Structures are given as C-alpha cells and as structure tokens.
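Structure data follow from my_file10.txt (compact mmCIF, C-alpha atoms and all ligand atoms):
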# COMPACT_ATOMS: atom_id res chain seq x y z
CA MET Q 1442 3.84 3.66 -27.14
CA THR Q 1443 4.40 3.25 -23.38
CA GLU Q 1444 1.40 3.41 -21.08
CA ALA Q 1445 1.13 6.60 -19.03
CA SER Q 1446 1.92 6.19 -15.34
CA PHE Q 1447 -0.77 6.89 -12.75
CA GLU Q 1448 0.92 10.18 -11.77
CA GLU Q 1449 1.01 11.24 -15.40
CA ARG Q 1450 -2.72 10.51 -15.76
CA LEU Q 1451 -3.46 12.32 -12.50
CA PHE Q 1452 -1.28 15.42 -12.86
CA GLY Q 1453 -0.70 15.49 -16.59
CA PRO Q 1454 2.61 15.84 -18.42
CA LEU Q 1455 5.69 17.59 -17.10
CA VAL Q 1456 5.38 21.37 -16.96
CA PRO Q 1457 7.21 22.68 -20.06
CA GLY Q 1458 10.43 24.52 -19.24
CA ARG Q 1459 10.43 23.50 -15.57
CA GLU Q 1460 13.69 21.81 -14.57
CA CYS Q 1461 15.04 20.19 -11.41
CA GLY Q 1462 17.99 22.62 -11.37
CA ALA Q 1463 20.00 22.19 -8.17
CA CYS Q 1464 17.35 20.03 -6.50
CA THR Q 1465 18.33 16.44 -5.67
CA ALA Q 1466 15.64 15.85 -3.04
CA CYS Q 1467 14.28 12.68 -4.63
CA CYS Q 1468 17.81 11.20 -4.89
CA PHE Q 1469 17.71 11.15 -1.09
CA GLU Q 1470 14.06 10.65 -0.24
CA ILE Q 1471 12.62 7.98 -2.52
CA THR Q 1472 13.03 4.21 -2.74
CA ILE Q 1473 14.57 2.87 -5.93
CA ASP Q 1474 13.99 -0.78 -6.68
CA ASP Q 1475 15.05 -1.00 -10.27
CA ARG Q 1476 16.66 -3.88 -12.14
CA GLU Q 1477 19.76 -1.70 -12.39
CA MET Q 1478 19.87 -0.21 -8.89
CA ARG Q 1479 18.38 -0.41 -5.41
CA LYS Q 1480 18.27 2.37 -2.86
CA PRO Q 1481 16.36 2.52 0.44
CA PRO Q 1482 14.29 5.61 1.25
CA ARG Q 1483 15.90 8.56 3.06
CA GLN Q 1484 19.42 7.67 2.09
CA THR Q 1485 21.53 9.64 -0.34
CA CYS Q 1486 22.11 7.74 -3.56
CA VAL Q 1487 25.75 6.72 -4.03
CA HIS Q 1488 25.70 8.41 -7.45
CA CYS Q 1489 24.61 11.78 -6.08
CA VAL Q 1490 27.43 14.34 -6.41
CA ALA Q 1491 27.64 18.09 -5.88
CA GLU Q 1492 26.57 18.79 -9.47
CA GLY Q 1493 23.59 16.39 -9.29
CA CYS Q 1494 23.52 12.86 -10.71
CA GLY Q 1495 27.01 11.50 -11.40
CA ILE Q 1496 25.65 8.93 -13.88
CA TYR Q 1497 22.96 11.11 -15.47
CA ALA Q 1498 23.26 9.70 -19.00
CA ASP Q 1499 23.13 6.13 -17.65
CA ARG Q 1500 20.77 6.61 -14.69
CA PRO Q 1501 18.28 3.77 -14.01
CA GLN Q 1502 14.86 3.73 -15.61
CA ASP Q 1503 13.14 4.59 -12.29
CA CYS Q 1504 15.14 7.83 -12.13
CA ARG Q 1505 14.19 8.73 -15.69
CA THR Q 1506 10.48 8.35 -15.15
CA TRP Q 1507 9.95 9.50 -11.54
CA PHE Q 1508 9.02 13.14 -10.97
CA CYS Q 1509 7.64 14.96 -7.96
CA ALA Q 1510 4.36 16.89 -8.11
CA TRP Q 1511 6.24 20.19 -8.52
CA ARG Q 1512 7.47 19.03 -11.95
CA ARG Q 1513 3.90 18.25 -13.07
CA VAL Q 1514 1.54 20.74 -11.48
CA ALA Q 1515 1.78 24.04 -13.35
CA ASP Q 1516 0.38 26.33 -10.67
CA LEU Q 1517 2.86 25.26 -8.00
CA PRO Q 1518 5.21 28.25 -7.86
CA ASP Q 1519 9.01 28.14 -8.08
CA HIS Q 1520 9.46 28.49 -4.35
CA LEU Q 1521 7.72 25.11 -3.89
CA ARG Q 1522 10.55 23.25 -5.62
CA PRO Q 1523 11.43 20.65 -2.95
CA ASP Q 1524 14.96 21.90 -2.20
CA ARG Q 1525 13.59 25.44 -1.72
CA SER Q 1526 10.45 24.60 0.27
CA GLY Q 1527 11.82 21.60 2.20
CA VAL Q 1528 8.77 19.55 1.21
CA LEU Q 1529 8.51 16.96 -1.54
CA ALA Q 1530 5.06 15.97 -2.80
CA CYS Q 1531 4.33 12.85 -4.84
CA VAL Q 1532 1.90 10.01 -5.52
CA VAL Q 1533 2.34 6.73 -3.65
CA GLU Q 1534 0.83 3.47 -4.94
CA SER Q 1535 0.82 0.68 -2.38
CA TYR Q 1536 -2.19 -1.50 -3.17
CA ALA Q 1537 -1.29 -4.21 -0.64
CA ALA Q 1538 -1.72 -1.79 2.29
CA GLU Q 1539 -4.30 -2.79 4.88
CA ASN Q 1540 -5.30 0.80 5.48
CA PRO Q 1541 -7.60 1.82 2.59
CA LEU Q 1542 -6.31 5.40 2.82
CA GLN Q 1543 -2.73 4.21 2.21
CA ARG Q 1544 -3.25 2.26 -1.03
CA LEU Q 1545 -3.21 5.22 -3.38
CA TYR Q 1546 -2.44 8.60 -1.90
CA LEU Q 1547 -0.52 11.83 -2.12
CA ILE Q 1548 2.14 12.70 0.39
CA ALA Q 1549 3.84 15.94 1.32
CA GLN Q 1550 7.09 14.66 2.82
CA TRP Q 1551 9.11 17.05 4.99
CA LEU Q 1552 12.71 16.56 3.92
CA GLY Q 1553 15.49 15.43 6.20
CA GLY Q 1554 13.09 14.23 8.91
CA ARG Q 1555 12.34 17.86 9.82
CA PRO Q 1556 9.35 18.36 12.09
CA ILE Q 1557 6.15 19.07 10.20
CA ALA Q 1558 5.52 22.79 10.39
CA ARG Q 1559 2.76 25.12 9.24
CA SER Q 1560 3.89 27.70 6.72
CA GLU Q 1561 2.34 29.60 3.85
CA ALA Q 1562 4.26 27.42 1.37
CA ALA Q 1563 3.13 24.19 3.03
CA ASP Q 1564 -0.49 25.37 3.13
CA GLN Q 1565 -0.31 26.26 -0.56
CA LEU Q 1566 1.09 22.85 -1.43
CA LEU Q 1567 -1.48 20.96 0.65
CA ALA Q 1568 -4.35 22.97 -0.84
CA ALA Q 1569 -3.12 22.06 -4.33
CA LEU Q 1570 -2.89 18.37 -3.39
CA ARG Q 1571 -6.42 18.26 -1.95
CA ARG Q 1572 -7.84 19.15 -5.38
CA TYR Q 1573 -7.09 15.66 -6.73
CA GLY Q 1574 -9.59 13.87 -4.49
CA LEU Q 1575 -7.08 11.34 -3.12
CA PRO Q 1576 -6.11 10.94 0.54
CA VAL Q 1577 -3.32 13.38 1.44
CA TRP Q 1578 -0.76 12.51 4.11
CA VAL Q 1579 2.02 14.58 5.57
CA GLY Q 1580 5.21 12.78 6.44
CA SER Q 1581 8.50 13.34 8.18
CA GLY Q 1582 11.01 10.49 8.34
CA ASP Q 1583 8.98 7.33 8.94
CA ARG Q 1584 6.06 9.17 10.53
CA MET Q 1585 2.89 9.98 8.60
CA SER Q 1586 -0.27 11.71 9.61
CA LEU Q 1587 -3.49 12.09 7.68
CA HIS Q 1588 -4.20 15.58 6.38
CA PHE Q 1589 -7.18 14.87 4.07
CA PRO Q 1590 -9.93 13.77 4.57
CA ARG Q 1591 -10.45 15.32 7.99
CA GLN Q 1592 -9.82 13.19 11.03
CA GLU Q 1593 -13.31 11.89 11.89
CA VAL Q 1594 -13.97 10.93 8.27
CA GLY Q 1595 -10.55 9.30 7.93
CA LEU Q 1596 -10.98 7.29 11.13
CA ALA Q 1597 -14.38 5.97 10.05
CA VAL Q 1598 -12.95 4.95 6.65
CA MET Q 1599 -9.89 3.29 8.21
CA ARG Q 1600 -11.84 1.41 10.86
CA GLY Q 1601 -14.61 0.33 8.50
CA GLU Q 1602 -17.18 1.23 11.12
CA ALA Q 1603 -20.65 2.71 10.59
CA PRO Q 1604 -20.20 6.50 10.58
CA GLU Q 1605 -22.33 9.07 12.32
CA ALA Q 1606 -25.16 10.39 10.13
CA ALA Q 1607 -23.47 13.81 9.75
CA ILE Q 1608 -20.47 12.32 7.92
CA ALA Q 1609 -22.09 9.21 6.41
CA SER Q 1610 -22.23 10.40 2.80
CA GLU Q 1611 -18.66 11.69 2.90
CA VAL Q 1612 -17.38 8.39 4.33
CA GLU Q 1613 -19.40 6.44 1.77
CA GLY Q 1614 -17.94 8.57 -1.03
CA TRP Q 1615 -14.38 7.78 0.09
CA ARG Q 1616 -15.14 4.07 0.44
CA ARG Q 1617 -16.55 3.97 -3.09
CA ARG Q 1618 -13.57 5.54 -4.77
CA LEU Q 1619 -10.65 4.08 -2.81
CA PRO Q 1620 -9.01 1.11 -4.56
CA PRO Q 1621 -9.50 -2.42 -3.14
CA ARG Q 1622 -6.60 -4.19 -1.48
CA SER Q 1623 -4.55 -6.31 -3.87
CA GLY Q 1624 -1.15 -7.88 -4.23
S1 LIG Q 1701 12.36 16.22 -6.10
FE1 LIG Q 1701 11.36 16.97 -7.98
S2 LIG Q 1701 12.44 18.86 -8.54
FE2 LIG Q 1701 13.70 17.76 -7.05
S3 LIG Q 1701 15.11 16.52 -8.31
FE3 LIG Q 1701 13.35 15.21 -7.83
S4 LIG Q 1701 11.92 15.48 -9.55
FE4 LIG Q 1701 13.41 17.16 -9.63
S1 LIG Q 1702 21.08 7.39 -10.01
FE1 LIG Q 1702 21.21 9.59 -10.24
S2 LIG Q 1702 19.10 10.30 -10.57
FE2 LIG Q 1702 19.01 8.22 -9.70
S3 LIG Q 1702 18.83 8.51 -7.48
FE3 LIG Q 1702 21.00 8.25 -7.97
S4 LIG Q 1702 21.77 10.36 -8.19
FE4 LIG Q 1702 19.54 10.45 -8.35

How does the structure come out when it is put into structure tokens?
Amino acid sequence: MTEASFEERLFGPLVPGRECGACTACCFEITIDDREMRKPPRQTCVHCVAEGCGIYADRPQDCRTWFCAWRRVADLPDHLRPDRSGVLACVVESYAAENPLQRLYLIAQWLGGRPIARSEAADQLLAALRRYGLPVWVGSGDRMSLHFPRQEVGLAVMRGEAPEAAIASEVEGWRRRLPPRSG
C-alpha cells in the first residue's frame, strides 16, 4: 500500500464524482519534476491540447497523483473549480525554505498572473483554506503575499523576534507547529 501524501492526509480523499472536466489549470501552473517529464511553473505543458491531456493514459506519475484543493475539499462549490474561479489552491511543501511560513503552506494562486482581487469566490476559498491551521498565501505570477496569519503575527514569526504581549501566545502557537527547516 502506498503512503498517503501530505495533501491527502490534510484534505482527505478526492471528492467522489468530482472531475476536472475542462479545467487544465494545473497543466499550466505547477512545476513537474518527474523522472518522466520536467515542466517549469506557469508554462503550458507541451502535452496539453484542446481536449485536455494529449497523453492521458501515459501521463507522468506526478500528474496522476497531484490534485488541487477543489478536488479534495467537499464544501468548495462548483464555481470554485480553478478554470471557473481563476484561482487554484493547493498545498506547497518546501522544507528547505528559510522563511518558516513558507515550509508547509497553502496557496491560492491567481491564474495567468492576474492581479489579486477581492471577490466573493476568493473570500470563500480563503476562508476554507484558513480552517486547516497552516499559513495561507495568495500568489500571482512570482509574487506572494501572506494572507494568514495576520500581518503582525506573520512578521513576528518570520523575523523570529520577541512579539508584543498582545500577540505573544498566537506567535508562540505558530512557532510550535511550523515544521523545522530541513533539506
Ligand atoms: S487544477 Fe484541479 S480541477 Fe483543474 S485540472 Fe488540475 S486538479 Fe483538475
Ligand atoms: S502530461 Fe498531461 S496531465 Fe501532465 S501536465 Fe502535461 S497535459 Fe497536464
């Protein structure tokens, strides 16, 4: 039996009956560094055709196992499918990152480098992501800004400085549960 991925343990299994349909957002947005194929982020995969994946039956292992949050979180409605909402949410694991809030986090990535905009759909997605107790970032292209925890808490965690008394327990809580740097 294969070990469950972190995203599977966090979000649970795929939502039954929910399919990618016409969405190919991850075939553009994500990095693939698989034995069989490499693709940089924010570049359309060479196998992506009008109907979806042109090599679906033979797609690399990374493509078989990677799913966005919309495929796993049951109460995200249909209109939050990434190609409909313009925002793709997923887990990122990057344990070598210097910033403790960027080692294991959730990101809501605005597709196509679009400017980050407030909308009911985006608010709904971000509220759902905050429930998991991980840092939440919003991204567009290469830019990222911290959404959760709030700014003064995030800055104290990132800088490793002694926080003001009013936020001390919150900062301490984040420091305790964020993973150490490794790799
Ligand atoms: S971004 Fe999500 S819904 Fe869209 S193709 Fe990828 S896994 Fe499917
Ligand atoms: S191989 Fe197929 S599933 Fe994988 S990124 Fe390319 S088009 Fe998407």

Check which residues fall inside 12 Å of ligand LIG 1702 (chain Q) when counting only C-alpha atoms and all ligand atoms, and print them as a PDB file with C-alpha atoms, in the coordinates of the input.
ATOM      1  CA  CYS Q1461      15.040  20.190 -11.410  1.00  0.00           C
ATOM      2  CA  ALA Q1463      20.000  22.190  -8.170  1.00  0.00           C
ATOM      3  CA  CYS Q1464      17.350  20.030  -6.500  1.00  0.00           C
ATOM      4  CA  THR Q1465      18.330  16.440  -5.670  1.00  0.00           C
ATOM      5  CA  ALA Q1466      15.640  15.850  -3.040  1.00  0.00           C
ATOM      6  CA  CYS Q1467      14.280  12.680  -4.630  1.00  0.00           C
ATOM      7  CA  CYS Q1468      17.810  11.200  -4.890  1.00  0.00           C
ATOM      8  CA  PHE Q1469      17.710  11.150  -1.090  1.00  0.00           C
ATOM      9  CA  GLU Q1470      14.060  10.650  -0.240  1.00  0.00           C
ATOM     10  CA  ILE Q1471      12.620   7.980  -2.520  1.00  0.00           C
ATOM     11  CA  THR Q1472      13.030   4.210  -2.740  1.00  0.00           C
ATOM     12  CA  ILE Q1473      14.570   2.870  -5.930  1.00  0.00           C
ATOM     13  CA  ASP Q1474      13.990  -0.780  -6.680  1.00  0.00           C
ATOM     14  CA  ASP Q1475      15.050  -1.000 -10.270  1.00  0.00           C
ATOM     15  CA  GLU Q1477      19.760  -1.700 -12.390  1.00  0.00           C
ATOM     16  CA  MET Q1478      19.870  -0.210  -8.890  1.00  0.00           C
ATOM     17  CA  ARG Q1479      18.380  -0.410  -5.410  1.00  0.00           C
ATOM     18  CA  LYS Q1480      18.270   2.370  -2.860  1.00  0.00           C
ATOM     19  CA  PRO Q1481      16.360   2.520   0.440  1.00  0.00           C
ATOM     20  CA  PRO Q1482      14.290   5.610   1.250  1.00  0.00           C
ATOM     21  CA  ARG Q1483      15.900   8.560   3.060  1.00  0.00           C
ATOM     22  CA  GLN Q1484      19.420   7.670   2.090  1.00  0.00           C
ATOM     23  CA  THR Q1485      21.530   9.640  -0.340  1.00  0.00           C
ATOM     24  CA  CYS Q1486      22.110   7.740  -3.560  1.00  0.00           C
ATOM     25  CA  VAL Q1487      25.750   6.720  -4.030  1.00  0.00           C
ATOM     26  CA  HIS Q1488      25.700   8.410  -7.450  1.00  0.00           C
ATOM     27  CA  CYS Q1489      24.610  11.780  -6.080  1.00  0.00           C
ATOM     28  CA  VAL Q1490      27.430  14.340  -6.410  1.00  0.00           C
ATOM     29  CA  ALA Q1491      27.640  18.090  -5.880  1.00  0.00           C
ATOM     30  CA  GLU Q1492      26.570  18.790  -9.470  1.00  0.00           C
ATOM     31  CA  GLY Q1493      23.590  16.390  -9.290  1.00  0.00           C
ATOM     32  CA  CYS Q1494      23.520  12.860 -10.710  1.00  0.00           C
ATOM     33  CA  GLY Q1495      27.010  11.500 -11.400  1.00  0.00           C
ATOM     34  CA  ILE Q1496      25.650   8.930 -13.880  1.00  0.00           C
ATOM     35  CA  TYR Q1497      22.960  11.110 -15.470  1.00  0.00           C
ATOM     36  CA  ALA Q1498      23.260   9.700 -19.000  1.00  0.00           C
ATOM     37  CA  ASP Q1499      23.130   6.130 -17.650  1.00  0.00           C
ATOM     38  CA  ARG Q1500      20.770   6.610 -14.690  1.00  0.00           C
ATOM     39  CA  PRO Q1501      18.280   3.770 -14.010  1.00  0.00           C
ATOM     40  CA  GLN Q1502      14.860   3.730 -15.610  1.00  0.00           C
ATOM     41  CA  ASP Q1503      13.140   4.590 -12.290  1.00  0.00           C
ATOM     42  CA  CYS Q1504      15.140   7.830 -12.130  1.00  0.00           C
ATOM     43  CA  ARG Q1505      14.190   8.730 -15.690  1.00  0.00           C
ATOM     44  CA  THR Q1506      10.480   8.350 -15.150  1.00  0.00           C
ATOM     45  CA  TRP Q1507       9.950   9.500 -11.540  1.00  0.00           C
ATOM     46  CA  PHE Q1508       9.020  13.140 -10.970  1.00  0.00           C
TER      47      PHE Q1508
END

If we draw a sphere of 9 Å around (-6.7, 13.9, -1.8), which residues have at least one atom in it when counting all atoms listed in the file? Please report them as a PyMOL selection string. chain Q and resi 1546-1547+1570-1578+1588-1590

Spatial neighbours of Ala1510 of chain Q, max dist 12 Å, all atoms listed in the file, sep filter under 5 positions, as JSON, numbers by chain: {"Q": [1448, 1449, 1451, 1452, 1453, 1454, 1455, 1456, 1459, 1461, 1467, 1515, 1516, 1517, 1518, 1521, 1522, 1523, 1528, 1529, 1530, 1531, 1532, 1533, 1547, 1548, 1549, 1550, 1566, 1567, 1569, 1570, 1573]}

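The space between atom S2 of ligand LIG 1701 (chain Q) and atom CA of Met1585 of chain Q spans 21.5 Å.
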
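Across Q:Arg1450, Q:Arg1476, Q:Arg1512, Q:Arg1544, the tightest approach to ligand LIG 1701 (chain Q) is made by Q:Arg1512 when counting all atoms listed in the file.
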
With all heavy atoms retained, output segment 1533-1544 of chain Q as a tab-separated table (two decimals), in the first residue's frame.
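Result went into part00.tsv, see below:
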chain	number	residue	atom	x	y	z
Q	1533	VAL	N	1.74	23.45	-0.57
Q	1533	VAL	CA	3.13	23.50	-1.03
Q	1533	VAL	C	4.02	23.02	0.11
Q	1533	VAL	O	3.89	23.48	1.25
Q	1533	VAL	CB	3.55	24.93	-1.45
Q	1533	VAL	CG1	5.00	24.95	-1.92
Q	1533	VAL	CG2	2.63	25.46	-2.55
Q	1534	GLU	N	4.91	22.08	-0.19
Q	1534	GLU	CA	5.89	21.60	0.79
Q	1534	GLU	C	7.27	22.02	0.30
Q	1534	GLU	O	7.67	21.65	-0.80
Q	1534	GLU	CB	5.83	20.07	0.89
Q	1534	GLU	CG	4.54	19.56	1.48
Q	1534	GLU	CD	4.48	18.05	1.45
Q	1534	GLU	OE1	5.01	17.41	2.37
Q	1534	GLU	OE2	3.90	17.50	0.49
Q	1535	SER	N	7.95	22.81	1.09
Q	1535	SER	CA	9.25	23.34	0.69
Q	1535	SER	C	10.10	23.50	1.96
Q	1535	SER	O	10.36	24.61	2.42
Q	1535	SER	CB	9.03	24.68	-0.01
Q	1535	SER	OG	10.23	25.24	-0.42
Q	1536	TYR	N	10.50	22.36	2.53
Q	1536	TYR	CA	11.06	22.36	3.89
Q	1536	TYR	C	12.43	23.05	4.00
Q	1536	TYR	O	12.87	23.31	5.11
Q	1536	TYR	CB	11.13	20.92	4.41
Q	1536	TYR	CG	9.75	20.31	4.53
Q	1536	TYR	CD1	9.30	19.37	3.61
Q	1536	TYR	CD2	8.88	20.73	5.54
Q	1536	TYR	CE1	8.02	18.85	3.70
Q	1536	TYR	CE2	7.60	20.20	5.63
Q	1536	TYR	CZ	7.18	19.27	4.71
Q	1536	TYR	OH	5.91	18.76	4.80
Q	1537	ALA	N	13.07	23.32	2.84
Q	1537	ALA	CA	14.37	23.99	2.90
Q	1537	ALA	C	14.21	25.51	2.98
Q	1537	ALA	O	15.20	26.22	3.11
Q	1537	ALA	CB	15.19	23.62	1.67
Q	1538	ALA	N	12.99	26.01	2.91
Q	1538	ALA	CA	12.79	27.47	2.89
Q	1538	ALA	C	13.26	28.11	4.19
Q	1538	ALA	O	13.04	27.58	5.29
Q	1538	ALA	CB	11.31	27.78	2.66
Q	1539	GLU	N	13.89	29.26	4.06
Q	1539	GLU	CA	14.35	29.99	5.25
Q	1539	GLU	C	13.17	30.53	6.03
Q	1539	GLU	O	13.13	30.48	7.26
Q	1539	GLU	CB	15.27	31.13	4.80
Q	1539	GLU	CG	16.07	31.68	5.92
Q	1539	GLU	CD	17.14	32.62	5.43
Q	1539	GLU	OE1	17.60	32.45	4.27
Q	1539	GLU	OE2	17.49	33.52	6.19
Q	1540	ASN	N	12.20	31.04	5.33
Q	1540	ASN	CA	11.02	31.60	5.98
Q	1540	ASN	C	10.16	30.47	6.58
Q	1540	ASN	O	9.65	29.63	5.84
Q	1540	ASN	CB	10.21	32.38	4.93
Q	1540	ASN	CG	9.00	33.08	5.53
Q	1540	ASN	OD1	8.56	32.74	6.63
Q	1540	ASN	ND2	8.46	34.03	4.80
Q	1541	PRO	N	9.97	30.45	7.90
Q	1541	PRO	CA	9.22	29.34	8.50
Q	1541	PRO	C	7.78	29.25	7.99
Q	1541	PRO	O	7.18	28.18	8.02
Q	1541	PRO	CB	9.25	29.64	10.00
Q	1541	PRO	CG	9.69	31.06	10.12
Q	1541	PRO	CD	10.46	31.40	8.89
Q	1542	LEU	N	7.24	30.36	7.49
Q	1542	LEU	CA	5.86	30.34	6.99
Q	1542	LEU	C	5.78	29.86	5.54
Q	1542	LEU	O	4.70	29.81	4.95
Q	1542	LEU	CB	5.23	31.73	7.11
Q	1542	LEU	CG	4.99	32.21	8.55
Q	1542	LEU	CD1	4.69	33.70	8.57
Q	1542	LEU	CD2	3.85	31.45	9.20
Q	1543	GLN	N	6.95	29.53	4.96
Q	1543	GLN	CA	6.95	29.05	3.57
Q	1543	GLN	C	7.48	27.62	3.45
Q	1543	GLN	O	7.89	27.20	2.39
Q	1543	GLN	CB	7.78	29.98	2.69
Q	1543	GLN	CG	7.08	31.32	2.45
Q	1543	GLN	CD	7.85	32.23	1.53
Q	1543	GLN	OE1	9.03	32.04	1.26
Q	1543	GLN	NE2	7.17	33.25	1.04
Q	1544	ARG	N	7.49	26.89	4.58
Q	1544	ARG	CA	7.97	25.50	4.51
Q	1544	ARG	C	6.82	24.53	4.21
Q	1544	ARG	O	7.00	23.54	3.54
Q	1544	ARG	CB	8.67	25.12	5.82
Q	1544	ARG	CG	9.96	25.86	5.99
Q	1544	ARG	CD	10.69	25.51	7.25
Q	1544	ARG	NE	11.69	26.53	7.50
Q	1544	ARG	CZ	11.99	27.03	8.69
Q	1544	ARG	NH1	11.40	26.54	9.77
Q	1544	ARG	NH2	12.89	27.99	8.82
